[in-house]
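Trainee: This is upload-v3.pdb (PDB, C-alpha atoms).
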ATOM      1  CA  MET P  10     -12.936  -4.176 159.796
ATOM      2  CA  ALA P  11     -16.444  -5.657 159.920
ATOM      3  CA  VAL P  12     -19.119  -3.531 161.574
ATOM      4  CA  ALA P  13     -22.614  -4.291 162.910
ATOM      5  CA  PHE P  14     -25.367  -1.876 163.887
ATOM      6  CA  VAL P  15     -27.639  -2.996 166.745
ATOM      7  CA  PHE P  16     -30.922  -1.602 168.025
ATOM      8  CA  PRO P  17     -32.168  -1.545 171.648
ATOM      9  CA  GLY P  18     -35.305  -3.134 173.066
ATOM     10  CA  GLN P  19     -37.871  -2.295 175.708
ATOM     11  CA  GLY P  20     -36.458  -0.933 178.944
ATOM     12  CA  SER P  21     -34.124   1.536 177.222
ATOM     13  CA  GLN P  22     -36.820   4.221 176.952
ATOM     14  CA  THR P  23     -36.384   7.538 178.795
ATOM     15  CA  VAL P  24     -38.355  10.760 178.503
ATOM     16  CA  GLY P  25     -36.437  13.196 176.301
ATOM     17  CA  MET P  26     -34.698  10.543 174.186
ATOM     18  CA  GLY P  27     -34.180  11.780 170.637
ATOM     19  CA  LYS P  28     -35.229  15.325 171.549
ATOM     20  CA  ALA P  29     -31.835  16.884 170.837
ATOM     21  CA  LEU P  30     -31.636  15.040 167.510
ATOM     22  CA  ALA P  31     -35.039  16.424 166.514
ATOM     23  CA  ALA P  32     -34.036  19.930 167.629
ATOM     24  CA  ASN P  33     -30.844  19.852 165.552
ATOM     25  CA  PHE P  34     -31.664  17.822 162.422
ATOM     26  CA  ALA P  35     -34.566  18.073 159.980
ATOM     27  CA  VAL P  36     -34.222  14.389 158.986
ATOM     28  CA  ALA P  37     -34.798  13.385 162.619
ATOM     29  CA  ARG P  38     -37.880  15.609 162.852
ATOM     30  CA  GLN P  39     -39.173  13.973 159.682
ATOM     31  CA  VAL P  40     -38.937  10.490 161.248
ATOM     32  CA  PHE P  41     -40.919  11.561 164.327
ATOM     33  CA  ALA P  42     -43.498  13.248 162.059
ATOM     34  CA  GLU P  43     -43.836  10.043 160.001
ATOM     35  CA  VAL P  44     -44.389   7.979 163.152
ATOM     36  CA  ASP P  45     -46.951  10.457 164.527
ATOM     37  CA  GLU P  46     -48.809  10.427 161.211
ATOM     38  CA  ALA P  47     -48.768   6.619 160.976
ATOM     39  CA  LEU P  48     -50.205   6.273 164.483
ATOM     40  CA  GLY P  49     -52.624   9.202 164.214
ATOM     41  CA  ALA P  50     -51.286  10.458 167.546
ATOM     42  CA  LYS P  51     -48.527  12.718 168.849
ATOM     43  CA  LEU P  52     -46.256   9.983 170.161
ATOM     44  CA  SER P  53     -43.335  12.407 169.773
ATOM     45  CA  ALA P  54     -44.821  14.639 172.492
ATOM     46  CA  ILE P  55     -44.830  11.700 174.921
ATOM     47  CA  VAL P  56     -41.261  10.777 173.902
ATOM     48  CA  PHE P  57     -39.944  14.300 174.395
ATOM     49  CA  GLU P  58     -42.039  15.487 177.348
ATOM     50  CA  GLY P  59     -43.407  12.394 179.086
ATOM     51  CA  PRO P  60     -44.793  11.495 181.505
ATOM     52  CA  GLN P  61     -42.535   8.476 181.987
ATOM     53  CA  GLU P  62     -45.404   6.153 182.957
ATOM     54  CA  THR P  63     -47.184   6.906 179.654
ATOM     55  CA  LEU P  64     -44.004   6.394 177.638
ATOM     56  CA  THR P  65     -43.353   3.092 179.456
ATOM     57  CA  LEU P  66     -46.705   1.617 178.370
ATOM     58  CA  THR P  67     -45.745  -1.202 176.017
ATOM     59  CA  GLU P  68     -47.852   0.152 173.134
ATOM     60  CA  ASN P  69     -45.966   3.476 173.354
ATOM     61  CA  ALA P  70     -42.482   2.296 174.319
ATOM     62  CA  GLN P  71     -42.152  -0.052 171.343
ATOM     63  CA  PRO P  72     -42.827   2.442 168.508
ATOM     64  CA  ALA P  73     -41.068   5.197 170.484
ATOM     65  CA  LEU P  74     -37.795   3.297 170.739
ATOM     66  CA  MET P  75     -37.984   2.470 167.042
ATOM     67  CA  ALA P  76     -38.593   6.146 166.199
ATOM     68  CA  VAL P  77     -35.488   7.243 168.105
ATOM     69  CA  SER P  78     -33.382   4.521 166.476
ATOM     70  CA  LEU P  79     -34.574   5.426 162.974
ATOM     71  CA  ALA P  80     -34.114   9.142 163.610
ATOM     72  CA  THR P  81     -30.533   8.374 164.643
ATOM     73  CA  ILE P  82     -29.864   6.290 161.529
ATOM     74  CA  ARG P  83     -31.290   9.004 159.251
ATOM     75  CA  VAL P  84     -29.039  11.609 160.905
ATOM     76  CA  LEU P  85     -26.000   9.352 160.479
ATOM     77  CA  GLU P  86     -26.883   8.908 156.818
ATOM     78  CA  ALA P  87     -27.385  12.639 156.249
ATOM     79  CA  GLU P  88     -24.540  14.004 158.373
ATOM     80  CA  ALA P  89     -21.881  11.286 158.376
ATOM     81  CA  GLY P  90     -22.500   9.650 155.015
ATOM     82  CA  LEU P  91     -23.510   6.304 156.532
ATOM     83  CA  ASP P  92     -24.591   3.726 153.952
ATOM     84  CA  LEU P  93     -25.690   0.535 155.704
ATOM     85  CA  LYS P  94     -25.362  -1.551 152.542
ATOM     86  CA  ARG P  95     -21.730  -0.456 152.181
ATOM     87  CA  ASP P  96     -20.730   0.040 155.824
ATOM     88  CA  ALA P  97     -22.420  -2.782 157.762
ATOM     89  CA  GLN P  98     -21.978  -6.530 157.652
ATOM     90  CA  PHE P  99     -25.073  -7.118 159.804
ATOM     91  CA  VAL P 100     -27.874  -5.381 161.650
ATOM     92  CA  ALA P 101     -29.634  -6.859 164.675
ATOM     93  CA  GLY P 102     -32.003  -5.759 167.403
ATOM     94  CA  HIS P 103     -33.114  -6.947 170.826
ATOM     95  CA  SER P 104     -36.796  -8.002 170.727
ATOM     96  CA  LEU P 105     -38.676  -4.963 169.329
ATOM     97  CA  GLY P 106     -35.248  -3.713 168.208
ATOM     98  CA  GLU P 107     -35.356  -6.344 165.469
ATOM     99  CA  TYR P 108     -38.136  -4.285 163.865
ATOM    100  CA  SER P 109     -35.937  -1.168 164.124
ATOM    101  CA  ALA P 110     -33.084  -3.078 162.469
ATOM    102  CA  LEU P 111     -35.367  -4.223 159.650
ATOM    103  CA  ALA P 112     -36.721  -0.709 159.096
ATOM    104  CA  ALA P 113     -33.199   0.739 159.091
ATOM    105  CA  ALA P 114     -32.202  -1.824 156.457
ATOM    106  CA  GLY P 115     -35.211  -1.031 154.273
ATOM    107  CA  ALA P 116     -37.307  -4.161 154.840
ATOM    108  CA  PHE P 117     -40.222  -2.103 156.245
ATOM    109  CA  THR P 118     -41.297   1.509 155.841
ATOM    110  CA  ILE P 119     -41.154   3.626 158.999
ATOM    111  CA  GLY P 120     -44.943   4.024 158.969
ATOM    112  CA  ASP P 121     -45.567   0.285 158.718
ATOM    113  CA  THR P 122     -43.014  -0.384 161.453
ATOM    114  CA  ALA P 123     -44.684   2.115 163.798
ATOM    115  CA  ARG P 124     -48.114   0.557 163.216
ATOM    116  CA  LEU P 125     -46.765  -2.988 163.634
ATOM    117  CA  LEU P 126     -45.036  -2.106 166.899
ATOM    118  CA  ARG P 127     -48.063  -0.338 168.344
ATOM    119  CA  LEU P 128     -50.165  -3.404 167.491
ATOM    120  CA  ARG P 129     -47.463  -5.708 168.884
ATOM    121  CA  GLY P 130     -47.384  -3.758 172.135
ATOM    122  CA  GLN P 131     -51.180  -3.812 172.459
ATOM    123  CA  ALA P 132     -51.407  -7.510 171.568
ATOM    124  CA  MET P 133     -48.681  -8.513 174.026
ATOM    125  CA  GLN P 134     -50.393  -6.520 176.784
ATOM    126  CA  LYS P 135     -53.798  -8.065 176.041
ATOM    127  CA  ALA P 136     -52.518 -11.644 175.753
ATOM    128  CA  VAL P 137     -52.254 -12.126 179.521
ATOM    129  CA  PRO P 138     -54.303 -10.316 182.201
ATOM    130  CA  VAL P 139     -52.192  -8.050 184.420
ATOM    131  CA  GLY P 140     -50.932  -9.946 187.453
ATOM    132  CA  VAL P 141     -51.250 -13.406 185.881
ATOM    133  CA  GLY P 142     -47.764 -13.509 184.362
ATOM    134  CA  ALA P 143     -44.320 -12.330 185.415
ATOM    135  CA  MET P 144     -40.685 -12.134 184.343
ATOM    136  CA  ALA P 145     -37.569 -12.498 186.460
ATOM    137  CA  ALA P 146     -33.872 -11.861 185.898
ATOM    138  CA  LEU P 147     -31.505 -14.628 186.951
ATOM    139  CA  ILE P 148     -28.014 -13.143 187.295
ATOM    140  CA  GLY P 149     -24.891 -15.255 187.433
ATOM    141  CA  LEU P 150     -26.266 -18.420 185.828
ATOM    142  CA  GLU P 151     -25.287 -19.672 182.393
ATOM    143  CA  PHE P 152     -28.120 -20.226 179.952
ATOM    144  CA  ASP P 153     -28.371 -24.025 180.208
ATOM    145  CA  VAL P 154     -28.604 -23.839 184.011
ATOM    146  CA  ALA P 155     -31.202 -21.053 183.867
ATOM    147  CA  ALA P 156     -33.251 -23.008 181.302
ATOM    148  CA  ALA P 157     -33.174 -26.041 183.600
ATOM    149  CA  VAL P 158     -34.317 -23.846 186.517
ATOM    150  CA  ALA P 159     -37.265 -22.618 184.413
ATOM    151  CA  SER P 160     -38.173 -26.171 183.460
ATOM    152  CA  GLU P 161     -38.051 -27.340 187.086
ATOM    153  CA  ALA P 162     -40.138 -24.361 188.216
ATOM    154  CA  ALA P 163     -42.881 -24.864 185.605
ATOM    155  CA  GLN P 164     -44.698 -27.738 187.383
ATOM    156  CA  GLY P 165     -47.407 -27.844 184.737
ATOM    157  CA  GLN P 166     -47.463 -24.080 184.240
ATOM    158  CA  VAL P 167     -45.517 -21.958 181.750
ATOM    159  CA  CYS P 168     -41.990 -20.964 182.717
ATOM    160  CA  GLN P 169     -39.329 -20.604 180.059
ATOM    161  CA  ALA P 170     -36.109 -18.769 179.299
ATOM    162  CA  ALA P 171     -37.245 -15.592 177.536
ATOM    163  CA  ASN P 172     -34.021 -13.619 177.051
ATOM    164  CA  ASP P 173     -30.509 -15.050 176.862
ATOM    165  CA  ASN P 174     -28.795 -11.686 177.228
ATOM    166  CA  GLY P 175     -25.258 -12.937 177.791
ATOM    167  CA  GLY P 176     -22.779 -12.244 180.547
ATOM    168  CA  GLY P 177     -24.640 -14.607 182.870
ATOM    169  CA  GLN P 178     -27.911 -12.705 182.548
ATOM    170  CA  VAL P 179     -30.982 -14.767 181.666
ATOM    171  CA  VAL P 180     -34.608 -13.635 181.962
ATOM    172  CA  VAL P 181     -37.363 -16.186 182.557
ATOM    173  CA  SER P 182     -41.023 -15.606 181.767
ATOM    174  CA  GLY P 183     -44.351 -17.297 182.387
ATOM    175  CA  ASP P 184     -47.094 -17.798 184.951
ATOM    176  CA  LYS P 185     -46.472 -15.653 188.036
ATOM    177  CA  ALA P 186     -46.331 -18.535 190.516
ATOM    178  CA  ALA P 187     -43.943 -20.503 188.304
ATOM    179  CA  VAL P 188     -41.631 -17.510 187.832
ATOM    180  CA  GLU P 189     -41.641 -16.940 191.594
ATOM    181  CA  ARG P 190     -40.618 -20.588 192.036
ATOM    182  CA  ALA P 191     -37.825 -20.072 189.498
ATOM    183  CA  VAL P 192     -36.450 -17.175 191.548
ATOM    184  CA  GLU P 193     -36.219 -19.383 194.639
ATOM    185  CA  ILE P 194     -34.758 -22.370 192.763
ATOM    186  CA  ALA P 195     -32.173 -20.136 191.050
ATOM    187  CA  LYS P 196     -30.855 -19.014 194.436
ATOM    188  CA  THR P 197     -30.160 -22.655 195.334
ATOM    189  CA  LYS P 198     -28.323 -23.174 191.997
ATOM    190  CA  GLY P 199     -25.780 -20.426 192.610
ATOM    191  CA  ALA P 200     -27.427 -17.364 191.106
ATOM    192  CA  LYS P 201     -25.797 -14.157 192.335
ATOM    193  CA  ARG P 202     -29.165 -12.448 192.178
ATOM    194  CA  ALA P 203     -32.679 -13.454 191.143
ATOM    195  CA  MET P 204     -35.469 -10.931 191.094
ATOM    196  CA  ILE P 205     -38.920 -10.312 189.663
ATOM    197  CA  LEU P 206     -38.830  -7.568 187.008
ATOM    198  CA  PRO P 207     -41.237  -4.597 186.931
ATOM    199  CA  VAL P 208     -42.830  -5.484 183.587
ATOM    200  CA  SER P 209     -46.468  -5.422 182.569
ATOM    201  CA  ALA P 210     -46.632  -8.818 180.827
ATOM    202  CA  PRO P 211     -44.698 -12.113 180.492
ATOM    203  CA  PHE P 212     -43.001 -11.493 177.141
ATOM    204  CA  HIS P 213     -41.314 -14.161 174.997
ATOM    205  CA  CYS P 214     -43.054 -17.221 176.386
ATOM    206  CA  ALA P 215     -45.910 -19.513 175.351
ATOM    207  CA  LEU P 216     -48.484 -17.301 177.131
ATOM    208  CA  MET P 217     -47.920 -14.778 174.328
ATOM    209  CA  GLN P 218     -49.441 -17.082 171.665
ATOM    210  CA  PRO P 219     -52.521 -14.821 171.176
ATOM    211  CA  ALA P 220     -50.142 -11.940 170.369
ATOM    212  CA  ALA P 221     -48.174 -14.144 167.968
ATOM    213  CA  ASP P 222     -51.434 -14.895 166.121
ATOM    214  CA  VAL P 223     -52.202 -11.165 165.876
ATOM    215  CA  MET P 224     -48.719 -10.429 164.508
ATOM    216  CA  ALA P 225     -48.913 -13.261 161.972
ATOM    217  CA  GLN P 226     -52.093 -11.725 160.584
ATOM    218  CA  ALA P 227     -50.693  -8.167 160.598
ATOM    219  CA  LEU P 228     -47.364  -9.104 159.019
ATOM    220  CA  GLY P 229     -49.215 -10.952 156.287
ATOM    221  CA  LYS P 230     -50.738  -7.636 155.149
ATOM    222  CA  VAL P 231     -47.507  -5.591 155.090
ATOM    223  CA  ALA P 232     -45.031  -5.241 152.233
ATOM    224  CA  VAL P 233     -41.703  -6.781 153.288
ATOM    225  CA  LYS P 234     -38.608  -6.200 151.153
ATOM    226  CA  SER P 235     -35.248  -7.920 151.393
ATOM    227  CA  PRO P 236     -33.118  -5.791 153.745
ATOM    228  CA  VAL P 237     -30.041  -4.182 152.172
ATOM    229  CA  VAL P 238     -27.892  -5.884 154.811
ATOM    230  CA  PRO P 239     -28.525  -9.264 156.518
ATOM    231  CA  VAL P 240     -30.519  -9.127 159.764
ATOM    232  CA  VAL P 241     -29.457 -11.456 162.578
ATOM    233  CA  SER P 242     -32.729 -12.928 163.842
ATOM    234  CA  ASN P 243     -33.450 -13.139 167.581
ATOM    235  CA  VAL P 244     -34.970 -16.609 167.421
ATOM    236  CA  LEU P 245     -32.542 -18.109 164.900
ATOM    237  CA  ALA P 246     -29.313 -16.374 166.006
ATOM    238  CA  LYS P 247     -28.251 -16.303 162.367
ATOM    239  CA  ALA P 248     -28.467 -13.887 159.448
ATOM    240  CA  ILE P 249     -31.554 -13.833 157.227
ATOM    241  CA  GLN P 250     -32.635 -11.695 154.257
ATOM    242  CA  GLU P 251     -35.544 -13.504 152.606
ATOM    243  CA  PRO P 252     -38.882 -11.734 153.314
ATOM    244  CA  ALA P 253     -40.895 -14.900 154.090
ATOM    245  CA  GLU P 254     -38.221 -16.059 156.543
ATOM    246  CA  ILE P 255     -38.177 -12.618 158.176
ATOM    247  CA  VAL P 256     -41.934 -12.795 158.759
ATOM    248  CA  ARG P 257     -41.738 -16.326 160.206
ATOM    249  CA  ALA P 258     -38.949 -15.261 162.554
ATOM    250  CA  LEU P 259     -40.848 -12.180 163.763
ATOM    251  CA  VAL P 260     -43.943 -14.273 164.537
ATOM    252  CA  ALA P 261     -41.844 -16.897 166.340
ATOM    253  CA  GLN P 262     -40.094 -14.156 168.290
ATOM    254  CA  VAL P 263     -43.281 -13.249 170.206
ATOM    255  CA  THR P 264     -43.287 -16.590 172.071
ATOM    256  CA  GLY P 265     -39.642 -17.570 171.534
ATOM    257  CA  THR P 266     -36.371 -16.880 173.297
ATOM    258  CA  VAL P 267     -34.425 -13.744 172.411
ATOM    259  CA  ARG P 268     -31.065 -15.411 171.714
ATOM    260  CA  TRP P 269     -29.010 -12.261 172.113
ATOM    261  CA  ARG P 270     -25.836 -13.939 173.410
ATOM    262  CA  GLU P 271     -25.771 -16.316 170.447
ATOM    263  CA  SER P 272     -26.664 -13.524 168.005
ATOM    264  CA  VAL P 273     -23.702 -11.407 169.142
ATOM    265  CA  SER P 274     -21.437 -14.472 169.066
ATOM    266  CA  PHE P 275     -22.618 -15.212 165.521
ATOM    267  CA  MET P 276     -21.637 -11.700 164.407
ATOM    268  CA  ALA P 277     -18.323 -11.813 166.268
ATOM    269  CA  ASP P 278     -17.486 -15.223 164.779
ATOM    270  CA  ALA P 279     -18.165 -13.727 161.324
ATOM    271  CA  GLY P 280     -15.492 -11.120 161.988
ATOM    272  CA  VAL P 281     -17.419  -8.215 163.510
ATOM    273  CA  LYS P 282     -15.223  -6.331 165.978
ATOM    274  CA  THR P 283     -17.033  -2.979 165.963
ATOM    275  CA  PHE P 284     -20.636  -2.585 167.085
ATOM    276  CA  TYR P 285     -22.730   0.589 167.123
ATOM    277  CA  GLU P 286     -25.852   0.722 169.298
ATOM    278  CA  ILE P 287     -28.329   3.024 167.582
ATOM    279  CA  GLY P 288     -30.949   4.937 169.556
ATOM    280  CA  ALA P 289     -31.750   5.155 173.251
ATOM    281  CA  GLY P 290     -29.380   4.069 176.012
ATOM    282  CA  LYS P 291     -26.420   1.728 176.023
ATOM    283  CA  VAL P 292     -27.776  -1.530 177.437
ATOM    284  CA  LEU P 293     -26.707  -3.600 174.429
ATOM    285  CA  SER P 294     -23.217  -2.094 174.414
ATOM    286  CA  GLY P 295     -22.683  -3.341 177.952
ATOM    287  CA  LEU P 296     -23.895  -6.831 177.027
ATOM    288  CA  ILE P 297     -21.807  -6.996 173.831
ATOM    289  CA  LYS P 298     -18.588  -6.200 175.686
ATOM    290  CA  ARG P 299     -19.289  -9.134 178.013
ATOM    291  CA  ILE P 300     -20.122 -11.534 175.175
ATOM    292  CA  ALA P 301     -17.568 -10.789 172.449
ATOM    293  CA  ASP P 302     -13.929 -10.675 173.557
ATOM    294  CA  GLY P 303     -12.076  -7.720 172.123
ATOM    295  CA  ALA P 304     -15.161  -6.141 170.536
ATOM    296  CA  THR P 305     -15.933  -2.458 170.913
ATOM    297  CA  SER P 306     -19.483  -1.169 171.155
ATOM    298  CA  THR P 307     -20.388   2.504 170.979
ATOM    299  CA  ALA P 308     -23.829   3.952 171.696
ATOM    300  CA  ILE P 309     -25.099   6.639 169.309
ATOM    301  CA  GLY P 310     -28.225   8.574 170.206
ATOM    302  CA  THR P 311     -27.295  12.266 170.580
ATOM    303  CA  PRO P 312     -25.873  15.009 168.335
ATOM    304  CA  GLU P 313     -22.573  14.661 170.230
ATOM    305  CA  ASN P 314     -22.470  10.921 169.481
ATOM    306  CA  VAL P 315     -23.152  11.639 165.805
ATOM    307  CA  ALA P 316     -20.295  14.167 165.699
ATOM    308  CA  ALA P 317     -17.946  11.622 167.311
ATOM    309  CA  TYR P 318     -18.961   8.954 164.759
ATOM    310  CA  LYS P 319     -18.469  11.466 161.935
ATOM    311  CA  GLY P 320     -14.983  12.166 163.254
ATOM    312  CA  ARG P 321     -14.118   8.472 163.103
ATOM    313  CA  ALA P 322     -15.867   7.578 159.853
TER     314      ALA P 322
END
Is it possible to give me this structure as structure tokens?

Mentor:
Amino acid sequence: MAVAFVFPGQGSQTVGMGKALAANFAVARQVFAEVDEALGAKLSAIVFEGPQETLTLTENAQPALMAVSLATIRVLEAEAGLDLKRDAQFVAGHSLGEYSALAAAGAFTIGDTARLLRLRGQAMQKAVPVGVGAMAALIGLEFDVAAAVASEAAQGQVCQAANDNGGGQVVVSGDKAAVERAVEIAKTKGAKRAMILPVSAPFHCALMQPAADVMAQALGKVAVKSPVVPVVSNVLAKAIQEPAEIVRALVAQVTGTVRWRESVSFMADAGVKTFYEIGAGKVLSGLIKRIADGATSTAIGTPENVAAYKGRA
């Protein structure tokens, strides 16, 4: 039966994530040490001990979530004999999780991924002054309706569908006033709920172009290998393996829509029935079950989860 491994994005971070893995497995400790060394800072201390507000800063949350995901993969490889090339049909990740997926599949080193994600977090934060942009979740609207709401709300400003998460959950992003208009319009179009999200910047919209430029430059200086398993790209919602295409997709992702619903559907249509969410939380597992009929999705991020996977493998 075809299997895919998926990697969470921002919002899944919690203080203490990965701590039990690091306490129990040397390979997990090694990943956190590699990330700390690459960043020249003890990010692991913030991950394990907090405070939450420091961990939630975009420049910390992005490499931190990747570190937990990669620690989990390394433990699965060491303890359960996981071989992504043999055992997975696809890997995919939500937003920053795409970097985790690429690192897990060998396209990037862990050190390069940590540095890229710290830079990505800083660049996304700097692209728009705090308070100028916003994001809002529109619940209960299908994507085409939500995209039309964003278009109507723009009125000469930026407002676009940023995340198509599936299960009637679409996030819009852009100028604060435009996003606020989208919330009100969505309520008239039948949204069950529409609310501004507590985020620090308007991710995945045209306002992020300065960050996209930064990432294009940074990715141009990093060695990118073909991943051992195809990566389903956020912006393309299809599988890619060619390094130049991977780089183009990652640059486009900064300002483009995270097409998560279509990405999961692509994998399901290719025969994937079993998904494993690797790292912190289980947000993607909940979304996958709403998108792909009959699919199972299991979150793995603790020693107990690893033992359960080992028992099944």

Trainee: Could you give me, as a compact mmCIF listing (two decimals) with C-alpha atoms, keeping the file's coordinate frame, the residues within 12 Å of P:Glu58, counting only C-alpha atoms and dropping anything in the same chain fewer than 5 positions from it?

Mentor:
# COMPACT_ATOMS: atom_id res chain seq x y z
CA THR P 23 -36.38 7.54 178.80
CA VAL P 24 -38.35 10.76 178.50
CA GLY P 25 -36.44 13.20 176.30
CA MET P 26 -34.70 10.54 174.19
CA GLY P 27 -34.18 11.78 170.64
CA LYS P 28 -35.23 15.32 171.55
CA LYS P 51 -48.53 12.72 168.85
CA LEU P 52 -46.26 9.98 170.16
CA SER P 53 -43.34 12.41 169.77
CA THR P 63 -47.18 6.91 179.65
CA LEU P 64 -44.00 6.39 177.64

Trainee: If I take atom CA of P:Val141 and atom CA of P:Gly175, how far is one from the other in Å, to one decimal?

Mentor: 27.2 Å

Trainee: Give as number ranges by chain the residues that the PyMOL selection byres ((chain P and resi 240-255) around 8) matches when applied to the coordinates above.

Mentor: P: 99-104, 107, 110-111, 116, 233-236, 238-239, 256-259, 261-262, 265-269, 271-272, 275

Trainee: Can you spell out as a list in words the set of residues that the PyMOL selection byres ((chain P and resi 183) around 6) selects in the structure I just provided?

Mentor: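 Against this file, the PyMOL selection byres ((chain P and resi 183) around 6) returns the residues Gly142, Ala143, Val167, Cys168, Ser182, Asp184 and Pro211 of chain P.
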
Trainee: Give me the stretch 34-127 of chain P side of the contact with stretch 285-288 of chain P, cut-off 10 Å, one line per residue showing its nearest atom pair and distance in Å at one decimal, counting all atoms listed in the file, sorted by chain and residue number, as a tab-separated table.

Mentor:
residue	atom	partner	partner_atom	distance
P:Leu74	CA	P:Gly288	CA	7.1
P:Met75	CA	P:Gly288	CA	7.9
P:Ala76	CA	P:Gly288	CA	8.4
P:Val77	CA	P:Gly288	CA	5.3
P:Ser78	CA	P:Gly288	CA	3.9
P:Leu79	CA	P:Gly288	CA	7.5
P:Ala80	CA	P:Gly288	CA	7.9
P:Thr81	CA	P:Gly288	CA	6.0
P:Ile82	CA	P:Ile287	CA	7.0
P:Leu85	CA	P:Ile287	CA	9.8
P:Ala97	CA	P:Tyr285	CA	10.0
P:Val100	CA	P:Tyr285	CA	9.6
P:Ala101	CA	P:Glu286	CA	9.7
P:Gly102	CA	P:Glu286	CA	9.1
P:Gly106	CA	P:Ile287	CA	9.7
P:Ser109	CA	P:Ile287	CA	9.3
P:Ala110	CA	P:Ile287	CA	9.3

Trainee: I'd like the neighbourhood of P:Val237 as a short mmCIF file (atom, residue, chain, number, x, y, z; two decimals) with C-alpha atoms, in the coordinates of the input, where a residue qualifies if any of its atoms comes within 7 Å (using all atoms listed in the file), though same-chain residues fewer than 3 positions away should be ignored.

Mentor:
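Result saved to selection-v5.cif:
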data_model
loop_
_atom_site.label_atom_id
_atom_site.label_comp_id
_atom_site.auth_asym_id
_atom_site.auth_seq_id
_atom_site.Cartn_x
_atom_site.Cartn_y
_atom_site.Cartn_z
CA LYS P 94 -25.36 -1.55 152.54
CA ALA P 114 -32.20 -1.82 156.46
CA GLY P 115 -35.21 -1.03 154.27
#

Trainee: One decimal, in Å: what's the spacing between atom CA of P:Ala156 and atom CA of P:Gly18?

Mentor: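 We find that atom CA of P:Ala156 and atom CA of P:Gly18 lie 21.6 Å from each other.
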
Trainee: Output the residue selection produced by the PyMOL selection byres ((chain P and resi 313) around 12) on the file above, formatted as a PyMOL selection string.

Mentor: chain P and resi 27+29-30+33+81+84-85+308-312+314-320

Trainee: Please determine, counting only C-alpha atoms, which residue among P:Asn174, P:Gln39, P:Thr122, P:Thr67 has the shortest atom-to-atom distance to P:Ser274.

Mentor: P:Asn174

Trainee: Which of these residues is nearest to P:Gly149, using only C-alpha atoms: P:Val40, P:Ala200, P:Leu206, P:Ala136?

Mentor: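 Ranking P:Val40, P:Ala200, P:Leu206, P:Ala136 by distance to P:Gly149, first place goes to P:Ala200.
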
Trainee: Could you give me, as number ranges by chain, the residues within 8 Å of stretch 277-281 of chain P, counting only C-alpha atoms and dropping anything in the same chain fewer than 3 positions from it?

Mentor: P: 10-13, 98, 273-274, 284, 301, 304

Trainee: Atom CA of P:Ala32 to atom CA of P:Glu88: how many Å, to one decimal?

Mentor: 14.5 Å

Trainee: Pick from P:Met133, P:Ile297, P:Val44, P:Ala186: nearest to P:Ala215, with all atoms listed in the file counted?

Mentor: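 Among the listed residues, P:Met133 lies closest to P:Ala215.
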
Trainee: Might you pull out every residue within 10 Å of P:Glu151, with all atoms listed in the file counted and same-chain residues fewer than 4 positions away left off, and present them as a VMD selection string?

Mentor: chain P and resid 147 155 to 156 173 175 to 179 200

Trainee: Check the smallest atom-to-atom distance from each of P:Ser209, P:Asn172, P:Ser160, P:Ser21 to P:Gln134 using only C-alpha atoms, then report the winner.

Mentor: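 Ranking P:Ser209, P:Asn172, P:Ser160, P:Ser21 by distance to P:Gln134, first place goes to P:Ser209.
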
Trainee: Quick one: what's the axis-aligned box for stretch 278-288 of chain P, all listed atoms, 5 Å on every side, centre and edges in Å to one decimal, as AutoDock Vina command-line options?

Mentor:
--center_x -23.1 --center_y -5.1 --center_z 165.4 --size_x 25.7 --size_y 30.2 --size_z 18.2
